[in-house]
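Trainee: So that you have it, the file is entry-v8.txt, and it contains compact mmCIF, C-alpha atoms:
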```
# COMPACT_ATOMS: atom_id res chain seq x y z
CA MET A 1 6.98 -37.56 -27.53
CA SER A 2 6.87 -41.08 -26.07
CA THR A 3 6.11 -41.75 -22.42
CA SER A 4 9.69 -42.83 -21.73
CA ASN A 5 11.05 -39.66 -23.31
CA ILE A 6 8.64 -37.54 -21.30
CA GLN A 7 9.77 -39.20 -18.08
CA LEU A 8 13.44 -38.78 -19.00
CA ALA A 9 12.94 -35.11 -19.79
CA GLU A 10 11.15 -34.51 -16.49
CA GLN A 11 13.84 -36.39 -14.56
CA LEU A 12 16.65 -34.42 -16.18
CA SER A 13 14.78 -31.19 -15.49
CA ALA A 14 14.43 -32.09 -11.83
CA THR A 15 18.06 -33.09 -11.30
CA THR A 16 19.88 -30.41 -13.32
CA LEU A 17 18.16 -27.32 -11.90
CA LEU A 18 19.68 -25.64 -8.84
CA ARG A 19 17.94 -22.88 -6.96
CA PHE A 20 20.33 -20.87 -4.82
CA ALA A 21 20.38 -17.59 -2.94
CA THR A 22 23.12 -15.15 -2.03
CA ALA A 23 23.26 -13.36 1.32
CA GLY A 24 25.70 -11.30 3.31
CA SER A 25 26.26 -8.02 5.08
CA VAL A 26 26.15 -4.66 3.33
CA ASP A 27 29.01 -4.11 0.86
CA ASP A 28 30.26 -7.69 1.13
CA GLY A 29 29.96 -7.95 -2.66
CA LYS A 30 26.89 -10.11 -3.24
CA SER A 31 25.76 -8.36 -6.41
CA THR A 32 29.33 -8.20 -7.71
CA LEU A 33 29.69 -11.96 -7.17
CA VAL A 34 26.46 -12.65 -9.05
CA GLY A 35 27.51 -10.28 -11.83
CA ARG A 36 30.89 -12.01 -12.05
CA LEU A 37 29.18 -15.43 -12.24
CA LEU A 38 26.93 -14.22 -15.06
CA HIS A 39 29.76 -12.46 -16.91
CA ASP A 40 32.44 -15.14 -16.67
CA SER A 41 30.01 -17.97 -17.46
CA LYS A 42 29.04 -16.10 -20.68
CA SER A 43 25.45 -15.69 -19.45
CA VAL A 44 25.19 -11.96 -20.13
CA LEU A 45 23.71 -10.68 -23.39
CA THR A 46 25.78 -8.18 -25.36
CA ASP A 47 23.26 -5.36 -24.99
CA GLN A 48 23.10 -5.93 -21.21
CA LEU A 49 26.87 -5.70 -20.89
CA GLU A 50 26.97 -2.60 -23.08
CA ALA A 51 24.35 -0.92 -20.89
CA VAL A 52 26.38 -1.69 -17.76
CA GLU A 53 29.53 -0.37 -19.43
CA ARG A 54 27.76 2.89 -20.34
CA VAL A 55 26.45 3.44 -16.81
CA SER A 56 29.85 2.59 -15.31
CA ALA A 57 31.64 4.97 -17.69
CA SER A 58 29.20 7.78 -16.84
CA ARG A 59 30.22 7.36 -13.21
CA GLY A 60 33.89 7.61 -14.08
CA GLN A 61 34.60 3.92 -13.46
CA GLU A 62 37.30 2.37 -15.60
CA ALA A 63 35.89 -1.17 -15.51
CA PRO A 64 32.24 -2.28 -15.79
CA ASP A 65 30.45 -2.44 -12.43
CA LEU A 66 29.14 -6.01 -12.61
CA ALA A 67 26.84 -5.41 -9.62
CA LEU A 68 24.59 -3.44 -11.98
CA LEU A 69 23.65 -6.71 -13.68
CA THR A 70 21.51 -7.56 -10.65
CA ASP A 71 20.80 -4.24 -8.90
CA GLY A 72 17.97 -3.21 -11.19
CA LEU A 73 16.00 -0.77 -9.03
CA ARG A 74 16.86 2.89 -9.44
CA ALA A 75 17.29 3.30 -5.68
CA GLU A 76 19.65 0.33 -5.64
CA ARG A 77 21.88 1.79 -8.33
CA GLU A 78 21.91 5.24 -6.73
CA GLN A 79 22.81 3.90 -3.27
CA GLY A 80 24.99 1.02 -4.41
CA ILE A 81 23.01 -1.47 -2.33
CA THR A 82 20.54 -4.29 -2.89
CA ILE A 83 17.00 -3.56 -1.65
CA ASP A 84 14.72 -6.14 -3.25
CA VAL A 85 15.34 -9.77 -4.20
CA ALA A 86 16.77 -9.93 -7.72
CA TYR A 87 16.11 -13.20 -9.53
CA ARG A 88 18.35 -14.24 -12.39
CA TYR A 89 18.30 -17.29 -14.64
CA PHE A 90 21.39 -18.71 -16.32
CA ALA A 91 22.81 -22.01 -17.44
CA THR A 92 26.05 -23.80 -18.12
CA ALA A 93 26.67 -27.02 -19.99
CA ARG A 94 26.24 -28.98 -16.75
CA ARG A 95 23.28 -27.37 -14.98
CA ARG A 96 20.57 -24.71 -15.06
CA PHE A 97 20.34 -22.14 -12.27
CA ILE A 98 17.78 -19.88 -10.65
CA LEU A 99 19.50 -17.48 -8.28
CA ALA A 100 18.08 -14.98 -5.83
CA ASP A 101 20.34 -12.06 -4.90
CA THR A 102 18.99 -10.98 -1.50
CA PRO A 103 19.58 -7.73 0.44
CA GLY A 104 22.08 -7.42 3.26
CA HIS A 105 20.44 -4.81 5.49
CA VAL A 106 18.80 -5.89 8.74
CA GLN A 107 15.48 -4.30 7.70
CA TYR A 108 15.36 -6.56 4.64
CA THR A 109 15.59 -9.87 6.54
CA ARG A 110 12.13 -10.73 5.20
CA ASN A 111 13.48 -10.39 1.65
CA MET A 112 16.13 -13.00 2.38
CA VAL A 113 13.47 -15.33 3.75
CA THR A 114 11.54 -14.90 0.50
CA GLY A 115 14.58 -15.54 -1.67
CA ALA A 116 15.92 -18.50 0.30
CA SER A 117 12.60 -20.23 1.01
CA THR A 118 12.88 -22.40 -2.12
CA ALA A 119 16.68 -22.47 -2.33
CA GLU A 120 18.64 -25.70 -2.18
CA LEU A 121 21.86 -23.79 -1.52
CA ALA A 122 22.75 -20.48 0.10
CA VAL A 123 25.92 -18.52 -0.61
CA VAL A 124 26.81 -16.41 2.44
CA LEU A 125 29.43 -13.77 1.71
CA VAL A 126 31.88 -12.42 4.24
CA ASP A 127 34.28 -9.51 3.75
CA ALA A 128 37.73 -10.94 4.50
CA ARG A 129 38.69 -7.67 6.21
CA ASN A 130 35.77 -7.79 8.65
CA GLY A 131 35.29 -11.51 9.22
CA VAL A 132 32.09 -12.98 10.64
CA VAL A 133 29.85 -10.10 11.74
CA GLU A 134 26.40 -9.91 13.33
CA GLN A 135 24.59 -9.93 9.98
CA THR A 136 26.58 -13.00 8.90
CA ARG A 137 25.23 -14.87 11.91
CA ARG A 138 21.71 -13.66 11.11
CA HIS A 139 21.90 -15.01 7.58
CA ALA A 140 23.31 -18.32 8.79
CA ALA A 141 20.42 -18.56 11.26
CA VAL A 142 17.85 -17.82 8.56
CA ALA A 143 19.40 -20.48 6.29
CA ALA A 144 19.21 -22.95 9.19
CA LEU A 145 15.58 -22.02 9.94
CA LEU A 146 14.64 -22.55 6.30
CA ARG A 147 16.46 -25.91 6.29
CA VAL A 148 18.62 -24.97 3.29
CA PRO A 149 20.59 -28.20 2.82
CA HIS A 150 23.83 -26.68 1.46
CA VAL A 151 25.59 -23.49 2.59
CA VAL A 152 28.64 -21.97 0.89
CA LEU A 153 30.78 -19.52 2.84
CA ALA A 154 32.36 -17.22 0.24
CA VAL A 155 35.15 -15.25 1.90
CA ASN A 156 35.26 -12.28 -0.47
CA LYS A 157 37.77 -9.49 -1.08
CA MET A 158 40.76 -11.76 -0.48
CA ASP A 159 42.74 -9.41 -2.72
CA LEU A 160 42.44 -6.75 -0.01
CA VAL A 161 44.11 -8.99 2.60
CA ASP A 162 46.94 -10.07 0.30
CA TYR A 163 45.33 -13.49 -0.27
CA GLN A 164 46.47 -14.70 3.16
CA GLU A 165 45.52 -18.28 3.93
CA SER A 166 45.49 -17.60 7.68
CA VAL A 167 42.78 -14.95 7.30
CA PHE A 168 40.58 -17.34 5.31
CA ALA A 169 41.17 -20.25 7.69
CA ALA A 170 40.20 -18.24 10.78
CA ILE A 171 36.96 -16.97 9.20
CA ALA A 172 36.06 -20.41 7.84
CA GLU A 173 36.56 -22.06 11.23
CA GLU A 174 34.47 -19.48 13.10
CA PHE A 175 31.58 -19.60 10.62
CA THR A 176 31.59 -23.39 10.28
CA THR A 177 31.46 -23.86 14.04
CA TYR A 178 28.54 -21.44 14.36
CA ALA A 179 26.54 -22.79 11.39
CA ALA A 180 27.06 -26.40 12.47
CA SER A 181 25.68 -25.54 15.92
CA LEU A 182 22.47 -24.42 14.17
CA GLY A 183 22.13 -27.75 12.41
CA VAL A 184 23.27 -26.73 8.93
CA PRO A 185 24.11 -30.13 7.38
CA GLU A 186 26.79 -29.11 4.87
CA ILE A 187 29.13 -26.10 4.80
CA THR A 188 31.71 -25.39 2.08
CA ALA A 189 34.17 -22.50 2.46
CA ILE A 190 35.71 -20.88 -0.65
CA PRO A 191 38.15 -17.91 -0.72
CA ILE A 192 37.27 -15.51 -3.56
CA SER A 193 37.63 -12.05 -5.00
CA ALA A 194 34.43 -11.26 -6.85
CA LEU A 195 35.86 -8.03 -8.24
CA ALA A 196 39.00 -9.67 -9.64
CA GLY A 197 37.35 -13.00 -10.48
CA ASP A 198 39.51 -15.18 -8.22
CA ASN A 199 37.91 -18.62 -7.62
CA VAL A 200 34.51 -17.50 -8.91
CA VAL A 201 34.50 -19.22 -12.30
CA GLU A 202 38.23 -19.72 -12.88
CA PRO A 203 40.77 -20.95 -10.28
CA SER A 204 42.90 -18.23 -8.74
CA ALA A 205 46.59 -17.99 -9.48
CA ASN A 206 46.96 -15.92 -6.32
CA MET A 207 45.82 -18.63 -3.90
CA ASP A 208 47.77 -21.76 -4.79
CA TRP A 209 47.30 -22.90 -1.19
CA TYR A 210 43.59 -23.50 -1.90
CA GLY A 211 42.82 -26.80 -3.63
CA GLY A 212 39.03 -26.83 -3.52
CA PRO A 213 36.44 -26.00 -6.19
CA THR A 214 35.58 -22.57 -7.52
CA VAL A 215 32.14 -21.20 -6.74
CA LEU A 216 30.76 -22.23 -10.15
CA GLU A 217 32.34 -25.68 -9.95
CA HIS A 218 30.65 -26.26 -6.61
CA LEU A 219 27.32 -24.97 -7.90
CA GLU A 220 27.57 -27.33 -10.87
CA THR A 221 28.39 -30.41 -8.83
CA VAL A 222 26.56 -30.06 -5.51
CA PRO A 223 23.92 -32.81 -5.29
CA VAL A 224 20.36 -31.53 -5.49
CA SER A 225 18.48 -34.74 -6.28
CA HIS A 226 16.60 -36.33 -3.42
CA ASP A 227 15.95 -39.98 -2.65
CA LEU A 228 12.32 -40.22 -3.67
CA ALA A 229 11.92 -43.51 -1.81
CA THR A 230 12.36 -41.72 1.53
CA CYS A 231 10.07 -38.79 0.78
CA HIS A 232 6.58 -38.53 2.22
CA ALA A 233 4.46 -38.53 -0.95
CA ARG A 234 2.02 -35.61 -1.03
CA PHE A 235 -0.35 -34.47 -3.80
CA PRO A 236 -2.41 -31.31 -3.14
CA VAL A 237 -5.45 -31.23 -5.42
CA GLN A 238 -5.53 -28.00 -7.41
CA TYR A 239 -8.38 -28.63 -9.84
CA VAL A 240 -11.03 -31.28 -10.47
CA ILE A 241 -11.38 -32.16 -14.16
CA ARG A 242 -14.89 -33.25 -15.23
CA PRO A 243 -15.25 -32.69 -19.01
CA GLN A 244 -18.60 -34.58 -19.20
CA THR A 245 -18.35 -34.82 -22.97
CA ALA A 246 -19.53 -37.56 -25.29
CA GLU A 247 -15.89 -38.70 -25.61
CA HIS A 248 -15.24 -38.65 -21.84
CA PRO A 249 -18.65 -38.96 -20.13
CA ASP A 250 -17.32 -40.42 -16.85
CA TYR A 251 -13.86 -38.86 -16.67
CA ARG A 252 -13.00 -37.54 -13.21
CA GLY A 253 -9.41 -36.46 -12.68
CA TYR A 254 -7.63 -34.55 -9.94
CA ALA A 255 -4.99 -32.19 -11.31
CA GLY A 256 -2.09 -30.61 -9.46
CA GLN A 257 1.64 -30.67 -8.84
CA ILE A 258 3.17 -33.45 -6.79
CA ALA A 259 4.61 -31.65 -3.75
CA ALA A 260 6.81 -34.53 -2.60
CA GLY A 261 7.54 -38.19 -3.21
CA THR A 262 6.23 -40.64 -5.81
CA PHE A 263 2.80 -41.97 -6.79
CA ARG A 264 2.14 -45.18 -8.74
CA VAL A 265 -0.85 -46.70 -10.50
CA GLY A 266 -2.48 -49.30 -8.23
CA GLU A 267 -1.31 -47.60 -5.04
CA THR A 268 -3.81 -47.15 -2.22
CA VAL A 269 -4.15 -43.52 -1.20
CA THR A 270 -5.96 -41.63 1.53
CA VAL A 271 -7.81 -38.38 0.91
CA LEU A 272 -7.32 -35.77 3.63
CA PRO A 273 -8.96 -34.35 5.62
CA SER A 274 -11.91 -36.73 4.98
CA GLY A 275 -9.84 -39.89 5.54
CA ARG A 276 -11.51 -41.80 2.67
CA THR A 277 -9.33 -44.30 0.77
CA SER A 278 -9.16 -45.53 -2.81
CA LYS A 279 -6.68 -46.84 -5.37
CA ILE A 280 -5.01 -44.91 -8.16
CA SER A 281 -6.50 -46.19 -11.41
CA ALA A 282 -4.51 -43.96 -13.78
CA ILE A 283 -1.99 -41.11 -13.89
CA ASP A 284 -1.99 -38.72 -16.87
CA LEU A 285 1.15 -36.70 -17.66
CA LEU A 286 1.05 -34.22 -20.55
CA GLY A 287 -1.97 -36.02 -21.95
CA GLU A 288 -0.38 -39.46 -21.88
CA PRO A 289 -0.82 -42.26 -19.31
CA VAL A 290 2.16 -43.15 -17.12
CA ASP A 291 2.64 -45.79 -14.43
CA VAL A 292 4.59 -43.62 -12.00
CA ALA A 293 5.01 -39.90 -11.33
CA TRP A 294 7.16 -37.92 -8.90
CA THR A 295 7.81 -34.42 -7.61
CA PRO A 296 7.77 -31.81 -9.10
CA GLN A 297 5.69 -33.15 -11.99
CA SER A 298 2.25 -31.72 -12.69
CA VAL A 299 -0.15 -34.59 -13.34
CA THR A 300 -3.77 -35.67 -13.25
CA ILE A 301 -4.56 -38.58 -10.91
CA ARG A 302 -7.66 -40.74 -11.34
CA LEU A 303 -9.08 -43.00 -8.63
CA GLU A 304 -11.07 -46.22 -8.78
CA ASP A 305 -13.85 -44.86 -6.54
CA ASP A 306 -15.99 -41.75 -6.87
CA ILE A 307 -15.09 -39.79 -3.75
CA ASP A 308 -16.04 -36.25 -2.85
CA ILE A 309 -12.71 -34.52 -3.54
CA SER A 310 -12.23 -30.81 -4.16
CA ARG A 311 -9.47 -28.22 -4.42
CA GLY A 312 -7.39 -28.16 -1.26
CA ASP A 313 -7.72 -31.85 -0.45
CA LEU A 314 -4.50 -33.83 -0.07
CA LEU A 315 -3.77 -37.28 -1.54
CA VAL A 316 -1.22 -39.30 0.44
CA PRO A 317 -0.17 -42.98 0.58
CA ALA A 318 -2.56 -44.89 2.84
CA GLY A 319 0.27 -46.00 5.12
CA ASP A 320 1.99 -42.63 5.32
CA ALA A 321 -0.71 -40.11 6.18
CA PRO A 322 0.20 -37.09 8.33
CA ALA A 323 -1.93 -36.30 11.34
CA THR A 324 -4.66 -33.72 10.83
CA SER A 325 -5.18 -31.06 13.49
CA GLN A 326 -6.81 -27.72 14.13
CA ASP A 327 -3.89 -26.58 16.28
CA LEU A 328 -0.58 -25.54 14.77
CA THR A 329 2.66 -24.46 16.43
CA ALA A 330 5.20 -23.00 14.06
CA THR A 331 8.00 -20.52 13.44
CA VAL A 332 7.05 -17.54 11.27
CA CYS A 333 8.88 -14.66 9.67
CA HIS A 334 6.68 -11.58 9.71
CA VAL A 335 6.87 -9.85 6.33
CA ALA A 336 4.12 -7.21 6.52
CA ASP A 337 4.51 -3.63 7.71
CA THR A 338 1.53 -4.03 10.08
CA PRO A 339 2.15 -6.09 13.25
CA LEU A 340 0.89 -9.62 13.90
CA SER A 341 -0.84 -9.74 17.30
CA VAL A 342 -2.30 -12.32 19.66
CA GLY A 343 -6.00 -12.77 18.95
CA GLN A 344 -5.72 -11.59 15.36
CA ARG A 345 -7.94 -13.24 12.76
CA VAL A 346 -6.06 -14.44 9.69
CA LEU A 347 -6.31 -16.77 6.74
CA LEU A 348 -3.85 -19.65 6.60
CA LYS A 349 -2.85 -20.88 3.13
CA HIS A 350 -1.31 -24.35 3.01
CA THR A 351 -0.55 -25.77 -0.46
CA THR A 352 -3.86 -25.32 -2.33
CA ARG A 353 -6.10 -24.97 0.75
CA THR A 354 -6.99 -21.76 2.58
CA VAL A 355 -8.79 -21.78 5.96
CA LYS A 356 -9.73 -19.24 8.61
CA ALA A 357 -7.56 -19.11 11.70
CA ILE A 358 -6.82 -17.18 14.90
CA VAL A 359 -3.40 -16.37 16.33
CA LYS A 360 -3.88 -17.81 19.81
CA ASP A 361 -0.42 -17.10 21.19
CA ILE A 362 3.02 -15.73 20.32
CA PRO A 363 5.20 -17.57 22.87
CA SER A 364 8.52 -16.02 21.84
CA ARG A 365 10.44 -13.85 19.42
CA LEU A 366 13.84 -15.02 18.17
CA THR A 367 16.79 -12.69 18.60
CA LEU A 368 19.02 -13.63 15.69
CA ASP A 369 22.05 -11.87 17.16
CA ASP A 370 22.54 -14.52 19.84
CA LEU A 371 19.63 -16.93 19.09
CA SER A 372 18.00 -16.14 22.41
CA GLN A 373 14.21 -16.30 22.81
CA HIS A 374 12.41 -13.16 23.96
CA PRO A 375 9.33 -14.53 25.78
CA ALA A 376 5.75 -13.35 25.22
CA PRO A 377 6.41 -10.38 22.92
CA GLY A 378 2.68 -9.93 22.32
CA GLN A 379 3.18 -9.14 18.64
CA LEU A 380 5.60 -9.51 15.76
CA VAL A 381 6.61 -6.61 13.54
CA ALA A 382 8.25 -6.53 10.12
CA ASN A 383 11.34 -8.79 9.86
CA ASP A 384 10.66 -10.43 13.24
CA ILE A 385 10.98 -14.21 13.50
CA GLY A 386 8.99 -15.85 16.25
CA ARG A 387 6.95 -18.79 17.45
CA VAL A 388 3.18 -18.72 17.04
CA VAL A 389 0.29 -20.94 18.07
CA VAL A 390 -2.58 -20.90 15.58
CA ARG A 391 -6.08 -22.34 15.91
CA LEU A 392 -7.63 -23.38 12.57
CA ALA A 393 -11.30 -23.38 11.59
CA GLU A 394 -10.83 -26.72 9.82
CA PRO A 395 -8.33 -29.53 10.38
CA LEU A 396 -5.29 -29.51 8.11
CA ALA A 397 -2.66 -32.14 7.35
CA ILE A 398 0.60 -30.22 7.75
CA ASP A 399 3.96 -31.98 7.82
CA ASN A 400 6.85 -30.78 9.93
CA TYR A 401 8.96 -28.37 7.91
CA ALA A 402 11.99 -30.52 8.71
CA ASP A 403 10.37 -33.42 6.84
CA SER A 404 9.01 -31.49 3.85
CA ARG A 405 9.70 -27.87 2.98
CA ARG A 406 6.79 -27.89 0.53
CA THR A 407 4.04 -29.31 2.78
CA GLY A 408 5.48 -28.01 6.03
CA SER A 409 5.28 -24.35 4.99
CA PHE A 410 2.33 -21.98 4.94
CA LEU A 411 1.33 -18.33 4.70
CA LEU A 412 -0.67 -16.17 7.08
CA ILE A 413 -2.84 -13.71 5.13
CA ASP A 414 -4.85 -10.64 6.11
CA PRO A 415 -8.50 -11.55 5.37
CA ALA A 416 -9.39 -7.88 4.82
CA ASP A 417 -7.16 -7.15 1.82
CA GLY A 418 -5.25 -10.36 1.02
CA THR A 419 -1.88 -9.02 2.20
CA THR A 420 0.66 -11.68 3.14
CA LEU A 421 1.45 -11.23 6.83
CA ALA A 422 3.92 -14.00 7.60
CA ALA A 423 5.65 -17.02 6.12
CA GLY A 424 5.51 -20.03 8.41
CA MET A 425 7.39 -23.26 9.04
CA ALA A 426 5.58 -25.96 11.01
CA GLY A 427 7.31 -27.82 13.83
CA ASP A 428 10.62 -27.16 15.52
CA ALA A 429 12.78 -24.19 14.65
CA PHE A 430 16.42 -25.28 14.38
CA ALA A 431 17.44 -28.85 13.62
CA GLN A 432 19.15 -29.30 16.99
CA ALA A 433 17.03 -26.95 19.05
CA THR A 434 14.58 -28.04 21.71
CA GLU A 435 11.32 -26.19 21.94
CA PRO A 436 10.28 -24.64 25.27
CA ALA A 437 6.77 -25.35 26.44
CA ALA A 438 4.24 -23.03 24.86
CA GLU A 439 2.83 -20.26 27.00
CA GLN A 440 -0.77 -20.50 28.09
CA GLN A 441 -3.03 -19.81 25.12
CA ALA A 442 -4.96 -16.56 24.91
CA GLU A 443 -8.67 -16.42 25.58
CA ASP A 444 -10.89 -17.59 22.69
CA ALA A 445 -12.03 -14.87 20.32
CA ASP A 446 -15.57 -14.47 19.03
CA ASP A 447 -17.34 -13.05 15.96
CA GLY A 448 -17.49 -16.36 14.16
CA TRP A 449 -13.74 -17.05 14.44
CA ASP A 450 -13.87 -19.07 17.66
CA PHE A 451 -13.01 -22.65 16.71
```
Go through the file and emit its structure as structure tokens.
Mentor:
Amino acid sequence: MSTSNIQLAEQLSATTLLRFATAGSVDDGKSTLVGRLLHDSKSVLTDQLEAVERVSASRGQEAPDLALLTDGLRAEREQGITIDVAYRYFATARRRFILADTPGHVQYTRNMVTGASTAELAVVLVDARNGVVEQTRRHAAVAALLRVPHVVLAVNKMDLVDYQESVFAAIAEEFTTYAASLGVPEITAIPISALAGDNVVEPSANMDWYGGPTVLEHLETVPVSHDLATCHARFPVQYVIRPQTAEHPDYRGYAGQIAAGTFRVGETVTVLPSGRTSKISAIDLLGEPVDVAWTPQSVTIRLEDDIDISRGDLLVPAGDAPATSQDLTATVCHVADTPLSVGQRVLLKHTTRTVKAIVKDIPSRLTLDDLSQHPAPGQLVANDIGRVVVRLAEPLAIDNYADSRRTGSFLLIDPADGTTLAAGMAGDAFAQATEPAAEQQAEDADDGWDF
């Protein structure tokens, strides 16, 4: 394959793939919507559909229960609910999709954070009979926290309210006002019936008052490409390649995936955290040299100078380097069953670098019901979202999450057993929120973790 063809293939791959997540309250029809999308877009294999038909018939159901296409756990099928995140892959002629069907229960908020953390679009379902409920506001808040750029409000079960336009309009106005106040940049409301198929893949004959796109049409056309010229270019080094063979005696390459932005041959870059600079002498993509590479390509970058670079270092443009610091203030979603407490020793994993850290303070815990801040909770438990102040053993270059979801995110890990404790987002919480002053930091800890 020629270099130009390789670049074209990578570009098409980057612009025609949409990652999206579904969310909503219990029994709003998330799994049914996903099943309808898969079924009506001809993305279900014959044996899968036959298995669903058999299970549905054994339950006495006349029609196939399309929710079974995503609810794969035995407990999910027995209870008729979604417990874990179900990932599904499908494609149409216009775009490829990776979807995450996330649970609706309050105790599974952490699962939604997992599913939506890499999503470019979130579909929030609302039962037309119930309107915007507490869990709807929670999911909108999580989508805003994760900076999901596109949110679709799917007002489901319109068949049970006689397809009334007034019902849809009232729900759409209430949700749009709330989500916009959180800083969600784009909100699209679509009236649907996932069970009957109205406005999911095909336009509904029962809602001639609605002139917008179906769910699939919107998924196929929503823009997901980003202006690479405005991105902060970031390249976390994953592996140093030194073959030291007779054919390549002096080859020194730094392999990894470009986290954001674009890199070009001849560009001056800075290596963080050391601060040393050099120029890019070559970029290798799939074994062939290229002049330019961009996210999310996996490449090998070579520099003109021999610099001490190892896994975890970050290559950035010399004129666009983020500040390095040992102090980090961020919003985290606690995902472990054990609490996260002030003074706790943790490992912080950022891109390809892992460092020791101490939780110095937990200034507040977010109450998603009304977005109020509960001050000084002392600890965070499973599904809690709160602000933390972390002191690092080594300086890290972490972007604000608002600027880069890839290099502004991190994980807090239990050093004893490697369990993931929390998923973090550096910087401010909501796009339009103002951060209160942090509480006084806790006393320094000891035992080799006092930085």
Trainee: Any idea what the distance is between atom CA of A:Asn206 and atom CA of A:Thr176?
Mentor: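 Computing the Euclidean distance for atom CA of A:Asn206 and atom CA of A:Thr176 yields 23.8 Å.
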Trainee: Residues near stretch 159-168 of chain A, anyone? I mean within 8 Å using all atoms listed in the file, not counting same-chain ones fewer than 5 positions away, as a short mmCIF file (atom, residue, chain, number, x, y, z; two decimals) with C-alpha atoms, in the frame of the given file.
Mentor:
```cif
data_model
loop_
_atom_site.label_atom_id
_atom_site.label_comp_id
_atom_site.auth_asym_id
_atom_site.auth_seq_id
_atom_site.Cartn_x
_atom_site.Cartn_y
_atom_site.Cartn_z
CA ALA A 128 37.73 -10.94 4.50
CA ARG A 129 38.69 -7.67 6.21
CA PRO A 191 38.15 -17.91 -0.72
CA SER A 193 37.63 -12.05 -5.00
CA ALA A 196 39.00 -9.67 -9.64
CA ASN A 206 46.96 -15.92 -6.32
CA MET A 207 45.82 -18.63 -3.90
CA TRP A 209 47.30 -22.90 -1.19
#
```
Trainee: Atom CA of A:Val265 and atom CA of A:Glu288, how far apart in Å?
Mentor: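 Atom CA of A:Val265 lies at a distance of 13.5 Å from atom CA of A:Glu288.
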Trainee: Just want the 12 Å neighbourhood of A:Ala122, counted on all atoms listed in the file, with same-chain residues fewer than 5 positions away dropped. Output as number ranges by chain.
Mentor: A: 18-24, 30, 98-102, 112-113, 115-117, 139-144, 146-154, 184, 186-189, 215, 218-219, 222
Trainee: Would you mind listing what lies within 10 Å of A:Gly287 as number ranges by chain, with all atoms listed in the file counted and same-chain residues fewer than 2 positions away left out?
Mentor: A: 3, 283-285, 289-290, 299-300
Trainee: Taking only residues of stretch 321-344 of chain A that have an atom at most 6 Å from an atom of stretch 356-378 of chain A, what is each one's shortest atom pair and its distance in Å to one decimal, using all atoms listed in the file, in chain and number order, as a Markdown table?
Mentor:
```
| residue | atom | partner | partner_atom | distance |
| --- | --- | --- | --- | --- |
| A:Val342 | CA | A:Val359 | CA | 5.4 |
| A:Gly343 | CA | A:Val359 | CA | 5.2 |
| A:Gln344 | CA | A:Val359 | CA | 5.4 |
```
Trainee: Just how far from atom CA of A:Val271 is atom CA of A:Val389, in Å to one decimal?
Mentor: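 Calculated distance between atom CA of A:Val389 and atom CA of A:Val271 is 25.8 Å.
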Trainee: Counting all atoms listed in the file, which of A:Pro296, A:Pro243, A:Pro203, A:Pro317 gets nearest to A:Lys279?
Mentor: A:Pro317
Trainee: Measuring between all atoms listed in the file, which one of A:Ser298, A:Thr16, A:Asn156, A:Thr114 shows the shortest distance to A:Ala255?
Mentor: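 Counting all atoms listed in the file, the residue closest to A:Ala255 is A:Ser298.
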Trainee: Considering all atoms listed in the file, state which residue in the set A:Gly183, A:Pro339, A:Gly319, A:Pro273 is at the smallest distance from A:Ile385.
Mentor: A:Pro339
